[in-house]
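Enquirer: First the structure, then my questions, so here it is.
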Amino acid sequence: MTEQSPPRLPAPRVAASVVPTTNTHLDIAEVTKNFGSQAVLKGVNLSVAKGGTTAIVGPSGSGKTTLLRLIAGFEHPATGTISLNGTPVAGGGVWLPAHKRQVGYVAQDGALFPHLTVGQNIAFGLDAAKLDGGRRAVRTRVQELLEMVSLDAAMAKRRPHQLSGGQQQRVALARALAREPELMLLDEPFSALDAGLRVATRRAVAKVLSDAGVTTILVTHDQAEALSFADQVAIMRGGKLAQIGNPFVVYTRPADRATAEFLGDAVILDAWMEGSLATCSLGGIPVRRPPAQGKVQLMLRPEQIRIASDGPIRGVVVDTDYFGPETTVRIKLAPLAAAHAAAGAAGNGHRYPGGGEVITIRHWNASITKPGTELCLRVVGEGVAFPLEA
Amino acid sequence: MSVLAVLIALFSLIPLGYVAYMTVATGWDTAVELIFRPRVGELLLNTIMLMVFTVPLCLVLGVGGAWLVERTKLRGHRWWAVALAAPLAIPAFVNSYSWVSAVPSLEGVWSGVLIATLSYFPLVYIPAAATLGRLDPAIEQSAASLGLGPWAVFFRVVVPQLRIAMTGGALLVSLHLLAEYGAFAMIRFDTFTTAIMVQFQSTFNGTAGNMLASVLVFFCLILLLVEVKSRGTARYARVGSGAQGKATRAPLRHFQLPAQLALLAVTALAFGLPVWFVLRWVIAGGAEIWSAEEFLPALLQTLGYGAVGAAVTTVVAFPMAYLAVRHPSWFSKMLELSNYVTSSLPGIVVGLAFVTVSIRAVPGVYQTAGVLVAAYVLLFLPRALVNIRSGLAQAPKELDEAAQSLGKAPLVSFLKVTLRLTAPAAAGGAALVFLAIVNELTATLLLSPNGTRTLATEFWSKSSEIDYTGAAPYALLMILLSAPMTYLLFQQSKKVAGQ
């Protein structure tokens, strides 16, 4: 293998949110919310395009569910406005109650009505009097919806408690879809499911919603879920949106260190920024749009650091965790090659920071990563630099 | 809704306010004179003796029975589980009447202890059995794996977890002992309540009676405080999720027969004997005791008061429960507390308060059915409250919101979801209130309009005139009406234990 220029970032899949369009379905401007003396939302701005899928992701207590409840109309914002299709629905003296918003909502546990059968649950929001064909039309519609969420038509007779968690979620989705809402809100709908079911249910739900062309907002604390589900990810922290963007962008170019670490494993190293090159224990790493010069923190994703026999960086395996398909390897980096050190010192009178750090990477082959093994590493792609925290 | 709840709470403070006002109005010197006299000392001694013996006996019978039924390989434990709760279907004054029929010489404190223990031990048994049935066996297994023997496990792990059930049960027994009138009057055993009744009947609204009521209320408040203190802040709820294993049952081996005999003796004395004597009087009385002129009005009026009282109580309890579950705050806690205190007051105090207040403030309502129903509401509100609360827990806010996001207006979603889901529990609560009203004697004697005859008061007037055969049909009917409700109460306790 030879040294090659880092690959360019691919174009974002969808960049709807970044560009303000007339196609905006939901617009949230400067929304705040308090519970008692506690500020839960501290000025949130978010715009969601028609037909788009947005994931709001953040640790528990960050205010993401509150934001969703404000959109649904279950809570009033303290200040700020919420508009649907350009029409204000909350804030500025306007208030449209939940039942008039045409917004579907699927709660964490599905919130199926225990006293009704699955069919009655799905038909709950349907008004037989308004449908052509009355009750028979309702029955047909229920069958259609069950089919849409891949459930057997015979399920309509069952009671919610006779269903599995995944089935309950699908019924909740069918119930919310029955009224053909333009906007669907999903509040951690997959978190109660076990891992295998979660992925399958998530894919099924995503497909149903995109087929129906429904604008969707998903709230989750699971970053992988957010990244895989949505075409726009908004990271919420401490009552504010820390970053909004396409999943690939927010993962590879997080706005700050906390976001970087929330969205996935991150290797953080002290580095010296000069021009668009950051020098650290892993050598010189290109950085696009460096935020500062001089001392910075450099972030790389573990998968950007690869074990390669001709790699320029040396390190010693400290220990490993074996997971089957991959192994987490902790590596103590060797002190930087003299040439790098000399360059750093000669250029500006400062030594580059760091040296001898322990980093964690992943590798597929457990047999070559015994503790004490000496390895050569190579870095692929660009890094992200953050200014030093005060 | 909160305005409504405040009004109800204020209303429920009438009896307490009345007692406080009377005590102050009487003046210090008179009060001291009336309270610190030999007669009060005698009543105090009687009451304390009664409690000191009855409460521990009830605890032993209740917890012991619950343990045998729930945690041992007792033959026919399903059957015994119901049999031990059955004495609750027999009002204490009916129990007393049967015992007096069996042993006419019964009198004084020991008879009081006997009858009270047999009548009230299910109040300990029911919560204890419910808790024991629900204890996570994994906790006991952990204790055993930490080196504790079976006895050590029982006393160090099981008994502490039973504490809430035991203190709660003991409090209920104590409050019943303070409030009971009929059972003790029948065996000529004097307590504060019987003495107040005697005062009321002779002087109607004498200061002496009021002062006795103050002492009685003071007692009740102390009991409530003791219970709150001993309950403490310890947590006995199950930690962690996942399915809970089934409790293991201890083998009884050669204790099987003694256990069966002991349970047989207890149920025979507490349930068999009263039922036997009631039936004997009924048979001895023949057809003439069922004369429709007397019997039918009493039955109909009792059913009427029971139904109206249960309905009003449920309606009144709903806003309080709703507030407590959906908008819990110190305010909703205060509302509940004020009501809890009032309902712990003996019926005689509530009755006395309503008599005086209605005569002085709104003379028009004195001796009307409305005042009696109001007293029932205050006395039995917690029974409805507890049930509606657990019902509302089955109807979380999320379901309401789901309905609204499906296009239902708040009122519609409240009716179609919240109210619909709460209805079964509310009906259960209403049934319990109904049962309590059917068997209520003391407040009914004080407050019922002229000419009103309920099963309890008819029974009382007949048995007071030693017309035991004439009283028997009323006793039988009260037992028959109570039986299904007792079963309901027993079933329900299994669901709410641990809360």
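Labeling convention for the structure tokens: chains A, B, ... as they appear, residues from 1 per chain, ligands from 1 in order of appearance.
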When you get a sec, could you note down which chain B residues fall within 8 Å of chain A, using only C-alpha atoms, as a PyMOL selection string?
Expert: chain B and resi 398-399+401-410+417+421
Enquirer: For the selection just defined, write its residues with C-alpha atoms to a file, as a short mmCIF file (atom, residue, chain, number, x, y, z; two decimals), in the first residue's frame.
Expert:
data_model
loop_
_atom_site.label_atom_id
_atom_site.label_comp_id
_atom_site.auth_asym_id
_atom_site.auth_seq_id
_atom_site.Cartn_x
_atom_site.Cartn_y
_atom_site.Cartn_z
CA GLU B 398 -50.30 8.95 27.51
CA LEU B 399 -53.52 7.23 26.46
CA GLU B 401 -52.78 12.17 24.62
CA ALA B 402 -52.88 9.36 22.09
CA ALA B 403 -56.63 9.88 21.75
CA GLN B 404 -56.12 13.62 21.29
CA SER B 405 -53.48 13.12 18.64
CA LEU B 406 -56.06 10.91 16.90
CA GLY B 407 -58.35 13.90 16.63
CA LYS B 408 -60.55 13.54 19.70
CA ALA B 409 -61.32 16.69 21.64
CA PRO B 410 -60.12 16.63 25.29
CA VAL B 417 -60.53 6.66 27.46
CA LEU B 421 -60.75 2.73 31.91
#
Enquirer: Could you give me, as JSON, numbers by chain, the residues within 12 Å of Gly383 (chain A), counting only C-alpha atoms and dropping anything in the same chain fewer than 4 positions from it?
Expert: {"A": [6, 7, 9, 251, 252, 253, 254, 260, 266, 267, 268, 269, 271, 273, 276, 277, 278, 279, 280, 282, 283, 284, 285, 286, 287, 288, 289, 290, 296, 297, 298, 299, 300, 301, 302, 303, 304, 305, 379]}
Enquirer: Neighbouring residues of Arg202 (chain A) were defined as those with any atom within 10 Å, considering only C-alpha atoms; residues of the same chain fewer than 2 positions away were excluded. Please report them as a count of residues only.
Expert: 17
Enquirer: Taking the chain letters and numbering used in this document, name the residues of region 351-418 of chain B that DSSP puts in alpha helix (DSSP H), as a short mmCIF file (atom, residue, chain, number, x, y, z; two decimals) with all heavy atoms, in the first residue's frame.
Expert:
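Saved as states01.cif:
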data_model
loop_
_atom_site.label_atom_id
_atom_site.label_comp_id
_atom_site.auth_asym_id
_atom_site.auth_seq_id
_atom_site.Cartn_x
_atom_site.Cartn_y
_atom_site.Cartn_z
N GLY B 351 -70.97 11.97 63.39
CA GLY B 351 -72.40 12.12 63.62
C GLY B 351 -72.70 13.30 64.54
O GLY B 351 -73.53 14.16 64.22
N LEU B 352 -71.99 13.36 65.65
CA LEU B 352 -72.18 14.43 66.63
C LEU B 352 -71.93 15.80 65.99
O LEU B 352 -72.70 16.75 66.18
CB LEU B 352 -71.18 14.21 67.78
CG LEU B 352 -71.58 14.59 69.18
CD1 LEU B 352 -72.92 13.97 69.54
CD2 LEU B 352 -70.51 14.11 70.16
N ALA B 353 -70.85 15.88 65.21
CA ALA B 353 -70.52 17.14 64.55
C ALA B 353 -71.64 17.57 63.62
O ALA B 353 -72.04 18.73 63.61
CB ALA B 353 -69.21 17.00 63.78
N PHE B 354 -72.15 16.62 62.84
CA PHE B 354 -73.19 16.97 61.87
C PHE B 354 -74.49 17.35 62.57
O PHE B 354 -75.19 18.24 62.11
CB PHE B 354 -73.40 15.82 60.88
CG PHE B 354 -72.52 15.91 59.69
CD1 PHE B 354 -71.15 16.01 59.84
CD2 PHE B 354 -73.04 15.93 58.41
CE1 PHE B 354 -70.32 16.11 58.74
CE2 PHE B 354 -72.22 16.04 57.30
CZ PHE B 354 -70.87 16.13 57.47
N VAL B 355 -74.79 16.68 63.67
CA VAL B 355 -75.99 17.04 64.41
C VAL B 355 -75.88 18.49 64.86
O VAL B 355 -76.75 19.32 64.59
CB VAL B 355 -76.16 16.12 65.64
CG1 VAL B 355 -77.20 16.71 66.59
CG2 VAL B 355 -76.57 14.73 65.21
N THR B 356 -74.77 18.83 65.50
CA THR B 356 -74.62 20.17 66.06
C THR B 356 -74.55 21.22 64.98
O THR B 356 -75.26 22.23 65.01
CB THR B 356 -73.34 20.24 66.92
OG1 THR B 356 -73.31 19.09 67.74
CG2 THR B 356 -73.32 21.48 67.75
N VAL B 357 -73.70 20.97 63.96
CA VAL B 357 -73.52 21.97 62.93
C VAL B 357 -74.82 22.20 62.17
O VAL B 357 -75.20 23.34 61.90
CB VAL B 357 -72.38 21.56 61.97
CG1 VAL B 357 -72.33 22.49 60.75
CG2 VAL B 357 -71.05 21.59 62.69
N SER B 358 -75.54 21.10 61.87
CA SER B 358 -76.76 21.31 61.10
C SER B 358 -77.82 22.02 61.94
O SER B 358 -78.56 22.85 61.43
CB SER B 358 -77.29 19.98 60.56
OG SER B 358 -77.66 19.13 61.62
N ILE B 359 -77.87 21.75 63.24
CA ILE B 359 -78.86 22.44 64.07
C ILE B 359 -78.54 23.92 64.18
O ILE B 359 -79.40 24.79 64.06
CB ILE B 359 -78.93 21.81 65.48
CG1 ILE B 359 -79.66 20.47 65.39
CG2 ILE B 359 -79.65 22.75 66.45
CD1 ILE B 359 -79.70 19.73 66.69
N ARG B 360 -77.24 24.23 64.36
CA ARG B 360 -76.88 25.62 64.59
C ARG B 360 -76.80 26.42 63.31
O ARG B 360 -77.22 27.58 63.27
CB ARG B 360 -75.52 25.69 65.29
CG ARG B 360 -75.60 25.10 66.66
CD ARG B 360 -74.52 25.65 67.54
NE ARG B 360 -74.62 25.05 68.87
CZ ARG B 360 -73.69 25.14 69.77
NH1 ARG B 360 -72.58 25.78 69.51
NH2 ARG B 360 -73.85 24.58 70.95
N ALA B 369 -82.28 13.28 54.88
CA ALA B 369 -81.45 12.23 54.31
C ALA B 369 -80.13 12.80 53.80
O ALA B 369 -79.10 12.13 53.83
CB ALA B 369 -82.20 11.56 53.16
N GLY B 370 -80.16 14.07 53.35
CA GLY B 370 -78.95 14.68 52.81
C GLY B 370 -77.81 14.70 53.80
O GLY B 370 -76.66 14.40 53.45
N VAL B 371 -78.10 15.06 55.05
CA VAL B 371 -77.05 15.12 56.06
C VAL B 371 -76.47 13.73 56.31
O VAL B 371 -75.25 13.55 56.44
CB VAL B 371 -77.60 15.73 57.37
CG1 VAL B 371 -76.55 15.67 58.46
CG2 VAL B 371 -78.03 17.15 57.13
N LEU B 372 -77.34 12.73 56.35
CA LEU B 372 -76.85 11.38 56.58
C LEU B 372 -75.95 10.92 55.44
O LEU B 372 -74.86 10.37 55.66
CB LEU B 372 -78.05 10.43 56.73
CG LEU B 372 -77.72 8.98 57.07
CD1 LEU B 372 -76.88 8.90 58.33
CD2 LEU B 372 -79.00 8.17 57.24
N VAL B 373 -76.38 11.21 54.21
CA VAL B 373 -75.54 10.84 53.05
C VAL B 373 -74.20 11.57 53.12
O VAL B 373 -73.14 10.98 52.86
CB VAL B 373 -76.28 11.13 51.73
CG1 VAL B 373 -75.33 10.99 50.55
CG2 VAL B 373 -77.46 10.19 51.57
N ALA B 374 -74.25 12.87 53.49
CA ALA B 374 -73.00 13.63 53.60
C ALA B 374 -72.06 12.98 54.61
O ALA B 374 -70.85 12.89 54.39
CB ALA B 374 -73.30 15.06 53.99
N ALA B 375 -72.62 12.52 55.74
CA ALA B 375 -71.79 11.87 56.75
C ALA B 375 -71.18 10.58 56.18
O ALA B 375 -70.00 10.28 56.40
CB ALA B 375 -72.62 11.57 57.99
N TYR B 376 -71.98 9.82 55.45
CA TYR B 376 -71.46 8.59 54.82
C TYR B 376 -70.30 8.92 53.89
O TYR B 376 -69.28 8.23 53.86
CB TYR B 376 -72.56 7.89 54.01
CG TYR B 376 -73.63 7.21 54.83
CD1 TYR B 376 -74.94 7.09 54.35
CD2 TYR B 376 -73.33 6.66 56.07
CE1 TYR B 376 -75.91 6.45 55.08
CE2 TYR B 376 -74.31 6.01 56.82
CZ TYR B 376 -75.60 5.92 56.31
OH TYR B 376 -76.57 5.28 57.04
N VAL B 377 -70.50 10.00 53.12
CA VAL B 377 -69.44 10.38 52.16
C VAL B 377 -68.14 10.63 52.90
O VAL B 377 -67.08 10.11 52.54
CB VAL B 377 -69.86 11.62 51.36
CG1 VAL B 377 -68.68 12.17 50.56
CG2 VAL B 377 -71.02 11.30 50.43
N LEU B 378 -68.21 11.40 54.00
CA LEU B 378 -66.98 11.72 54.73
C LEU B 378 -66.36 10.47 55.34
O LEU B 378 -65.15 10.29 55.32
CB LEU B 378 -67.28 12.72 55.85
CG LEU B 378 -67.58 14.13 55.43
CD1 LEU B 378 -67.38 15.07 56.61
CD2 LEU B 378 -66.67 14.56 54.30
N LEU B 379 -67.21 9.60 55.87
CA LEU B 379 -66.68 8.43 56.56
C LEU B 379 -66.03 7.44 55.59
O LEU B 379 -65.05 6.79 55.93
CB LEU B 379 -67.81 7.72 57.32
CG LEU B 379 -68.22 8.37 58.63
CD1 LEU B 379 -69.51 7.73 59.15
CD2 LEU B 379 -67.12 8.23 59.68
N PHE B 380 -66.59 7.33 54.39
CA PHE B 380 -66.15 6.23 53.52
C PHE B 380 -65.45 6.69 52.24
O PHE B 380 -65.18 5.88 51.37
CB PHE B 380 -67.35 5.34 53.18
CG PHE B 380 -68.06 4.83 54.40
CD1 PHE B 380 -69.42 4.96 54.56
CD2 PHE B 380 -67.32 4.23 55.41
CE1 PHE B 380 -70.05 4.50 55.70
CE2 PHE B 380 -67.94 3.76 56.56
CZ PHE B 380 -69.32 3.90 56.70
N LEU B 381 -65.16 7.98 52.16
CA LEU B 381 -64.50 8.50 50.96
C LEU B 381 -63.21 7.76 50.61
O LEU B 381 -62.98 7.45 49.44
CB LEU B 381 -64.24 10.01 51.13
CG LEU B 381 -63.97 10.81 49.87
CD1 LEU B 381 -65.05 10.62 48.86
CD2 LEU B 381 -63.83 12.28 50.22
N PRO B 382 -62.34 7.44 51.58
CA PRO B 382 -61.07 6.80 51.21
C PRO B 382 -61.26 5.48 50.47
O PRO B 382 -60.45 5.12 49.62
CB PRO B 382 -60.38 6.57 52.54
CG PRO B 382 -60.96 7.59 53.43
CD PRO B 382 -62.38 7.74 53.00
N ARG B 383 -62.33 4.74 50.78
CA ARG B 383 -62.52 3.46 50.08
C ARG B 383 -62.70 3.70 48.58
O ARG B 383 -62.17 2.95 47.77
CB ARG B 383 -63.76 2.74 50.61
CG ARG B 383 -63.59 2.37 52.06
CD ARG B 383 -64.85 1.81 52.65
NE ARG B 383 -64.75 1.87 54.10
CZ ARG B 383 -64.97 0.84 54.90
NH1 ARG B 383 -65.34 -0.31 54.39
NH2 ARG B 383 -64.82 0.96 56.18
N ALA B 384 -63.47 4.73 48.25
CA ALA B 384 -63.65 5.05 46.84
C ALA B 384 -62.36 5.63 46.27
O ALA B 384 -61.96 5.30 45.16
CB ALA B 384 -64.79 6.05 46.68
N LEU B 385 -61.71 6.47 47.08
CA LEU B 385 -60.50 7.17 46.62
C LEU B 385 -59.40 6.19 46.23
O LEU B 385 -58.81 6.28 45.16
CB LEU B 385 -60.03 8.07 47.77
CG LEU B 385 -59.29 9.34 47.41
CD1 LEU B 385 -60.11 10.20 46.48
CD2 LEU B 385 -58.96 10.11 48.67
N VAL B 386 -59.15 5.22 47.10
CA VAL B 386 -58.08 4.25 46.85
C VAL B 386 -58.35 3.52 45.54
O VAL B 386 -57.46 3.34 44.71
CB VAL B 386 -57.98 3.25 48.02
CG1 VAL B 386 -57.13 2.07 47.64
CG2 VAL B 386 -57.42 3.95 49.24
N ASN B 387 -59.60 3.13 45.34
CA ASN B 387 -59.94 2.38 44.13
C ASN B 387 -59.82 3.22 42.87
O ASN B 387 -59.28 2.77 41.87
CB ASN B 387 -61.36 1.83 44.26
CG ASN B 387 -61.37 0.55 45.03
OD1 ASN B 387 -61.13 -0.50 44.48
ND2 ASN B 387 -61.58 0.64 46.34
N ILE B 388 -60.35 4.44 42.93
CA ILE B 388 -60.30 5.27 41.73
C ILE B 388 -58.85 5.62 41.40
O ILE B 388 -58.46 5.67 40.25
CB ILE B 388 -61.16 6.53 41.92
CG1 ILE B 388 -62.62 6.11 42.09
CG2 ILE B 388 -61.04 7.44 40.71
CD1 ILE B 388 -63.54 7.25 42.41
N ARG B 389 -58.06 5.81 42.45
CA ARG B 389 -56.64 6.10 42.21
C ARG B 389 -55.98 4.97 41.45
O ARG B 389 -55.26 5.20 40.49
CB ARG B 389 -55.90 6.30 43.54
CG ARG B 389 -56.05 7.67 44.10
CD ARG B 389 -55.11 7.86 45.24
NE ARG B 389 -53.73 7.80 44.75
CZ ARG B 389 -52.75 8.50 45.26
NH1 ARG B 389 -52.96 9.28 46.27
NH2 ARG B 389 -51.55 8.41 44.76
N SER B 390 -56.20 3.74 41.89
CA SER B 390 -55.55 2.64 41.19
C SER B 390 -56.15 2.48 39.80
O SER B 390 -55.47 2.06 38.87
CB SER B 390 -55.62 1.35 42.00
OG SER B 390 -56.95 0.91 42.09
N GLY B 391 -57.42 2.83 39.65
CA GLY B 391 -58.04 2.78 38.33
C GLY B 391 -57.41 3.81 37.40
O GLY B 391 -57.13 3.52 36.24
N LEU B 392 -57.18 5.00 37.92
CA LEU B 392 -56.57 6.05 37.10
C LEU B 392 -55.15 5.66 36.70
O LEU B 392 -54.67 6.05 35.65
CB LEU B 392 -56.55 7.37 37.87
CG LEU B 392 -57.84 8.19 37.79
CD1 LEU B 392 -57.77 9.36 38.75
CD2 LEU B 392 -58.07 8.68 36.38
N ALA B 393 -54.51 4.88 37.57
CA ALA B 393 -53.16 4.43 37.22
C ALA B 393 -53.20 3.51 35.99
O ALA B 393 -52.23 3.39 35.27
CB ALA B 393 -52.54 3.70 38.41
N LYS B 397 -51.82 9.20 31.42
CA LYS B 397 -51.99 10.40 30.61
C LYS B 397 -51.68 10.13 29.14
O LYS B 397 -52.30 10.72 28.26
CB LYS B 397 -51.01 11.45 31.17
CG LYS B 397 -51.33 12.86 30.81
CD LYS B 397 -50.39 13.80 31.56
CE LYS B 397 -48.97 13.66 31.05
NZ LYS B 397 -47.99 14.50 31.72
N GLU B 398 -50.73 9.21 28.89
CA GLU B 398 -50.30 8.95 27.51
C GLU B 398 -51.47 8.49 26.64
O GLU B 398 -51.54 8.81 25.46
CB GLU B 398 -49.20 7.89 27.49
CG GLU B 398 -47.84 8.39 27.94
CD GLU B 398 -47.76 8.65 29.43
OE1 GLU B 398 -48.57 8.05 30.18
OE2 GLU B 398 -46.93 9.46 29.86
N LEU B 399 -52.39 7.72 27.25
CA LEU B 399 -53.52 7.23 26.46
C LEU B 399 -54.44 8.38 26.07
O LEU B 399 -54.97 8.44 24.96
CB LEU B 399 -54.30 6.18 27.25
CG LEU B 399 -53.56 4.88 27.52
CD1 LEU B 399 -54.43 3.93 28.31
CD2 LEU B 399 -53.13 4.24 26.22
N ASP B 400 -54.61 9.30 27.01
CA ASP B 400 -55.41 10.49 26.76
C ASP B 400 -54.80 11.28 25.61
O ASP B 400 -55.49 11.74 24.70
CB ASP B 400 -55.39 11.34 28.04
CG ASP B 400 -56.75 11.90 28.36
OD1 ASP B 400 -57.72 11.53 27.68
OD2 ASP B 400 -56.84 12.69 29.30
N GLU B 401 -53.48 11.41 25.66
CA GLU B 401 -52.78 12.17 24.62
C GLU B 401 -52.87 11.46 23.28
O GLU B 401 -53.04 12.10 22.24
CB GLU B 401 -51.32 12.37 25.02
CG GLU B 401 -51.18 13.33 26.19
CD GLU B 401 -49.77 13.40 26.72
OE1 GLU B 401 -48.93 12.58 26.29
OE2 GLU B 401 -49.51 14.25 27.58
N ALA B 402 -52.76 10.13 23.33
CA ALA B 402 -52.88 9.36 22.09
C ALA B 402 -54.23 9.64 21.46
O ALA B 402 -54.33 9.87 20.25
CB ALA B 402 -52.70 7.88 22.37
N ALA B 403 -55.28 9.64 22.28
CA ALA B 403 -56.63 9.88 21.75
C ALA B 403 -56.70 11.28 21.15
O ALA B 403 -57.31 11.47 20.09
CB ALA B 403 -57.65 9.73 22.86
N GLN B 404 -56.06 12.26 21.81
CA GLN B 404 -56.12 13.62 21.29
C GLN B 404 -55.37 13.74 19.98
O GLN B 404 -55.80 14.43 19.07
CB GLN B 404 -55.58 14.60 22.32
CG GLN B 404 -56.56 14.80 23.46
CD GLN B 404 -56.00 15.72 24.52
OE1 GLN B 404 -55.30 16.67 24.22
NE2 GLN B 404 -56.33 15.44 25.77
N SER B 405 -54.23 13.04 19.89
CA SER B 405 -53.48 13.12 18.64
C SER B 405 -54.23 12.39 17.53
O SER B 405 -53.91 12.53 16.37
CB SER B 405 -52.07 12.55 18.81
OG SER B 405 -52.10 11.15 18.78
N PRO B 410 -60.46 17.06 23.92
CA PRO B 410 -60.12 16.63 25.29
C PRO B 410 -61.30 16.00 26.04
O PRO B 410 -61.13 14.97 26.70
CB PRO B 410 -59.66 17.93 25.95
CG PRO B 410 -59.12 18.74 24.83
CD PRO B 410 -59.93 18.40 23.62
N LEU B 411 -62.47 16.59 25.93
CA LEU B 411 -63.62 16.05 26.67
C LEU B 411 -63.98 14.65 26.16
O LEU B 411 -64.26 13.74 26.94
CB LEU B 411 -64.82 17.00 26.54
CG LEU B 411 -66.02 16.59 27.40
CD1 LEU B 411 -65.67 16.71 28.88
CD2 LEU B 411 -67.23 17.43 27.07
N VAL B 412 -63.95 14.49 24.84
CA VAL B 412 -64.28 13.19 24.25
C VAL B 412 -63.27 12.15 24.68
O VAL B 412 -63.62 11.03 25.07
CB VAL B 412 -64.33 13.30 22.71
CG1 VAL B 412 -64.61 11.94 22.10
CG2 VAL B 412 -65.35 14.32 22.28
N SER B 413 -61.99 12.50 24.64
CA SER B 413 -60.97 11.53 25.01
C SER B 413 -61.06 11.20 26.49
O SER B 413 -60.83 10.06 26.90
CB SER B 413 -59.58 12.04 24.63
OG SER B 413 -59.03 12.80 25.65
#
Enquirer: Between CA of Ile196 (chain B) and CA of Ile466 (chain B), what is the distance in Å, rounded to a tenth?
Expert: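 That distance, rounded to one decimal, is 22.2 Å.
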Enquirer: Mind checking which residues fall within 6 Å of region 434-443 of chain B, counting only C-alpha atoms, ignoring those fewer than 6 positions away in the same chain, and posting them as a list of chain:residue names?
Expert: B:Gly306, B:Ala310, B:Gly347, B:Ile348, B:Gly351, B:Ala456, B:Ser482
